[in-house]
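Report on one structure; see the data block that follows.
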Amino acid sequence: MATLTSQDSNAQARVYFQTPPGTEDTELVQKQGRVTVKYDRKELRKRLNLEEWIIEQLTDLYDCEEEEIPELEIDVDELLDMPTEGDRGSRVKDLLVDCYKPTDDFVTALLEKVKGLQKLSTPPKKNDKSPT
């Protein structure tokens with residue numbers, strides 16, 4: 001149940017969510033937990049660890065804080081779609097073109113870490129029927 005309130009006419013409206021009567025918090029947590037069961041939790045954990053490692057490495061390469069890293073996106077799924085290791089390496093090097101420090105060690109380590117990952121895809125909905 002959501003409640004919409006507004007303090008005065010200049011303030012933005014706020015929405016407060018309340019637990020339905022007779023429902024305990026543990027029931028809600030269990031319902032929320034079902035959503036992630038459709039994904040491989042182990043694979044999600046690997047992705048999160050890889051993302052944290054990438055951020056750590058980029059802060060070292062660009063010699064800055066996380067917020068100051070230049071806008072670039074290393075898309076792991078895109079790398080996994082590429083047919084060869086050379087293509088993956090070239091793509092990452094292209095993304096790091098403005099880095100003044102040597103990037104070869106980072107690229108090599110990244111490609112090694114990507115090898116053990118699977119491409120993530122959105123799980124099919126129960127109503128979706130795959131063509132036969």
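By order in the structure tokens, chains are A, B, ...; within a chain, residues start at 1; ligands start at 1, following the order shown.
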
As a list in words, please: the residues near Tyr62 in chain A (cut-off 7 Å, only C-alpha atoms, same-chain neighbours under 4 positions excluded).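 Counting only the stated atoms, we get Leu58, Ile69 and Cys99 of chain A.
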
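Atom pair CA of Leu72 in chain A / CA of Lys101 in chain A: separated by 16.1 Å.
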
To one decimal place in Å, what is the distance between CA of Cys64 in chain A and CA of Leu80 in chain A? 28.2 Å

Could you tell me how far CA of Gly89 in chain A lies from CA of Leu44 in chain A, in Å and to one decimal? 23.1 Å

For Glu85 in chain A: contacts at 10 Å, only C-alpha atoms, fewer than 4 positions along chain excluded, given as a CSV table (one decimal) with N, CA, C and O atoms, in the first residue's frame:
```csv
chain,number,residue,atom,x,y,z
A,79,LEU,N,32.0,-8.0,-25.1
A,79,LEU,CA,33.3,-8.7,-25.3
A,79,LEU,C,33.1,-10.2,-25.5
A,79,LEU,O,33.8,-10.8,-26.3
A,80,LEU,N,32.1,-10.7,-24.7
A,80,LEU,CA,31.8,-12.2,-24.9
A,80,LEU,C,31.3,-12.5,-26.3
A,80,LEU,O,31.5,-13.6,-26.8
A,89,GLY,N,40.6,-7.7,-27.1
A,89,GLY,CA,41.7,-6.8,-26.7
A,89,GLY,C,41.7,-5.5,-27.4
A,89,GLY,O,41.9,-4.5,-26.8
A,90,SER,N,41.5,-5.5,-28.7
A,90,SER,CA,41.4,-4.3,-29.5
A,90,SER,C,40.3,-3.4,-29.0
A,90,SER,O,40.5,-2.2,-28.9
A,91,ARG,N,39.1,-4.0,-28.7
A,91,ARG,CA,38.0,-3.2,-28.2
A,91,ARG,C,38.3,-2.5,-26.9
A,91,ARG,O,38.1,-1.3,-26.8
A,108,THR,N,45.2,-7.6,-20.6
A,108,THR,CA,45.5,-9.1,-20.5
A,108,THR,C,44.7,-9.7,-19.3
A,108,THR,O,44.1,-10.7,-19.4
A,111,LEU,N,40.8,-9.7,-20.0
A,111,LEU,CA,40.5,-10.8,-20.9
A,111,LEU,C,40.5,-12.2,-20.3
A,111,LEU,O,39.7,-13.0,-20.5
A,112,GLU,N,41.5,-12.3,-19.4
A,112,GLU,CA,41.5,-13.6,-18.6
A,112,GLU,C,40.3,-13.8,-17.7
A,112,GLU,O,39.8,-14.9,-17.6
A,115,LYS,N,37.1,-14.6,-19.6
A,115,LYS,CA,37.0,-16.0,-20.2
A,115,LYS,C,36.1,-16.9,-19.3
A,115,LYS,O,35.4,-17.7,-19.8
```
